[in-house]
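What follows is a set of notes on a single structure, which appears directly below.
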Amino acid sequence: MTKHLIVILGPTAIGKTKLSITLAQHFNTVILSCDSRQFFKEMTIGTAVPSKEELKQAEHYFIQNKTIFEPYNVGQFERDALVQLDSIFKTKDIAIMVGGSGLYVDAVLNGLDYFPDLDPAIRTQLNDTLKISGLETLQMQLKELDPISYQNIEIENPHRVIRALEICLGTGKSYSSFKQKPKEVRPFTPLLIGLTAPREVLYNRINQRVDLMIQDGLVSEARELHKYKDLNALQTVGYRELFGHIDGDYNLETAIEEIKKNTRRFAKRQGTWFRKNTSINWFDFDNTEGIIPFVEQKINSNDL
RNA sequence: GGCGUCGUGGCCGAGUGGCUAGGCUGGGCUCUGCAAAAGCUCCUACAGCGGUUCGAAUCCGCUCGUCGCCU
């Protein structure tokens, strides 16, 4: 029997959580979250993790299973997710993954190349160099150490340049030399379901949801986390803007408007990411009845 | 009705005879361990009409509109 991973994709606030629970119940299976901010147990309101009630309706993995105090990244998630899926597929033929984080979804579905773990001090130092000497210095260094990456990566993007450099410096080999692994073969067949909505409708949902988060106490959640505001996990829409307000940079109303704006932009970027993935089967968020029959039909035809 | 004021792209806003201000919003995009991150890119306007001038958003006139004051 083929193992199937139903992957639910779409921008934030479009209704992925609800759909995933419906599917999990129908197929009597479990849900893996693939959301780079819902891993953290210290954040609840601002990341819109499923509610207690929702968590009771289906078994969830990778929801608030990590702490903001320990670094976590795609590579680790890929490994964790594959281990979890292996164990799920021992007893189930179908699993569900819900994802808003494009890179993380791709990692599970297609795999990342292998990169060794590095001493985090290397990145710290590169970040210092960036701050003191500027991006150009790093670009020149990369040109020297790894001309191929210098040609191919987005050279104006400090994150990309630093990543390439940290691999070069930490391994003694070029970043490009690691990116040669053939595509991973996964022990499951993915079926991608995307949810869409007209831009205006989505933006209204986002604005409303932000207002709800504020009502639910996002401000006090942000206050408690304020002292950790430099942690990577807290570079998150909904928190950053409130940290600025708590620091006295602007009033609450402004912070809320900023959260809405940044969430809209985030949703737009998610759209860009998913749009180029041609294997997604798109459904209107408002008309999801057809999804279960569609999935059943696909799975059955695969199993024949 | 009279006098004055102002009229710049979706919004804000500089410019005051010759060289696409800038910011914000918005759109498009990139993506192999910071990804709700980070970065790239697009949107050439000067209320209208006429005049002066080699050349006008910038000067002059009229029209329309704005706001203010007066009657």
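FYI, nothing fancy with the structure tokens labels: chains A, B, ... in order, residues from 1 per chain, ligands from 1 as they appear.
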
Contact residues around C59 in chain B with only C-alpha atoms (C1' of nucleotides) at 10 Å, ignoring same-chain residues under 2 positions, as a list in words: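 Non-adjacent residues within range: U16, G17, U52, U53 and A56 of chain B.
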
Counting only C-alpha atoms (C1' of nucleotides), which residues from chain A have an atom at most 7 Å from any atom of chain B, and could you show them as number ranges by chain? A: 37, 73-75, 103, 112-113, 156-157, 159, 232, 236-237, 266

State, in Å with one decimal place, the distance from CA of Leu9 in chain A to CA of Met213 in chain A. 22.0 Å

Please provide as a ChimeraX atom specification all residues within 10 Å of range 81-96 of chain A, with the sequence filter that same-chain residues fewer than 3 positions apart are discarded (counting only C-alpha atoms (C1' of nucleotides)). /A:1-8,20-21,23-24,27-34,60-62,75-78,99,104,107-109,111,186-191,299

Neighbouring residues of Asp211 in chain A were defined as those with any atom within 10 Å, considering only C-alpha atoms (C1' of nucleotides); residues of the same chain fewer than 6 positions away were excluded. Please report them as a list in words.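 Listing them by chain and then by number gives Arg205, Leu218, Ile256, Glu257, Ile259 and Lys260 of chain A.
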
Please dump the current selection as an mmCIF file, in the first residue's frame; keep C-alpha atoms.
data_model
loop_
_atom_site.group_PDB
_atom_site.id
_atom_site.type_symbol
_atom_site.label_atom_id
_atom_site.label_comp_id
_atom_site.auth_asym_id
_atom_site.auth_seq_id
_atom_site.Cartn_x
_atom_site.Cartn_y
_atom_site.Cartn_z
ATOM 1 C CA ARG A 205 -9.287 38.046 7.065
ATOM 2 C CA LEU A 218 -1.188 39.400 22.312
ATOM 3 C CA ILE A 256 -1.320 47.070 15.307
ATOM 4 C CA GLU A 257 -1.377 48.683 11.887
ATOM 5 C CA ILE A 259 1.325 43.992 12.317
ATOM 6 C CA LYS A 260 -1.486 43.981 9.796
#

Quick one: residues within 12 Å of Leu202 in chain A, only C-alpha atoms (C1' of nucleotides), excluding same-chain residues fewer than 4 positions away - as an NGL selection string? :A and (10-15 or 195-198 or 206-209 or 260 or 263-268 or 271 or 284-286)

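Between CA of Ser36 in chain A and CA of Thr288 in chain A there is a distance of 25.2 Å.
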
From a DSSP pass on the backbone, collect the residues of range 40-228 of chain A flagged as alpha helix (DSSP H) and hand them back as an NGL selection string. :A and (52-57 or 74-88 or 102-110 or 120-133 or 135-145 or 147-152 or 158-171 or 199-215 or 218-225)

Based on DSSP run over this structure's backbone, return all residues of range 128-302 of chain A in strand (DSSP E or B), as a VMD selection string. chain A and resid 189 to 196 280 to 284

Print the selection's residues with C-alpha atoms to a file, as a PDB file, in the first residue's frame.
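For reference, selection22.pdb as written:
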ATOM      1  CA  THR A 189       3.671  10.030  -2.207  1.00  0.00           C
ATOM      2  CA  PRO A 190       2.768  13.637  -1.620  1.00  0.00           C
ATOM      3  CA  LEU A 191      -0.553  15.156  -2.630  1.00  0.00           C
ATOM      4  CA  LEU A 192      -0.561  18.912  -2.477  1.00  0.00           C
ATOM      5  CA  ILE A 193      -3.721  20.859  -1.733  1.00  0.00           C
ATOM      6  CA  GLY A 194      -3.574  24.646  -1.852  1.00  0.00           C
ATOM      7  CA  LEU A 195      -6.108  27.115  -0.534  1.00  0.00           C
ATOM      8  CA  THR A 196      -6.609  30.454  -2.249  1.00  0.00           C
ATOM      9  CA  ILE A 280      -0.321  22.091  -6.083  1.00  0.00           C
ATOM     10  CA  ASN A 281      -4.022  21.428  -6.604  1.00  0.00           C
ATOM     11  CA  TRP A 282      -5.748  24.697  -5.828  1.00  0.00           C
ATOM     12  CA  PHE A 283      -9.109  25.113  -4.143  1.00  0.00           C
ATOM     13  CA  ASP A 284     -11.010  28.212  -3.183  1.00  0.00           C
TER      14      ASP A 284
END

Can you measure CA of Pro71 in chain A to CA of Glu184 in chain A for me? One decimal in Å is fine.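 Separation between CA of Pro71 in chain A and CA of Glu184 in chain A: 25.2 Å.
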
What's around G48 in chain B at 12 Å? Count only C-alpha atoms (C1' of nucleotides), leave out sequence neighbours fewer than 3 positions away in its own chain, and write the answer as a VMD selection string. chain B and resid 7 62 to 65
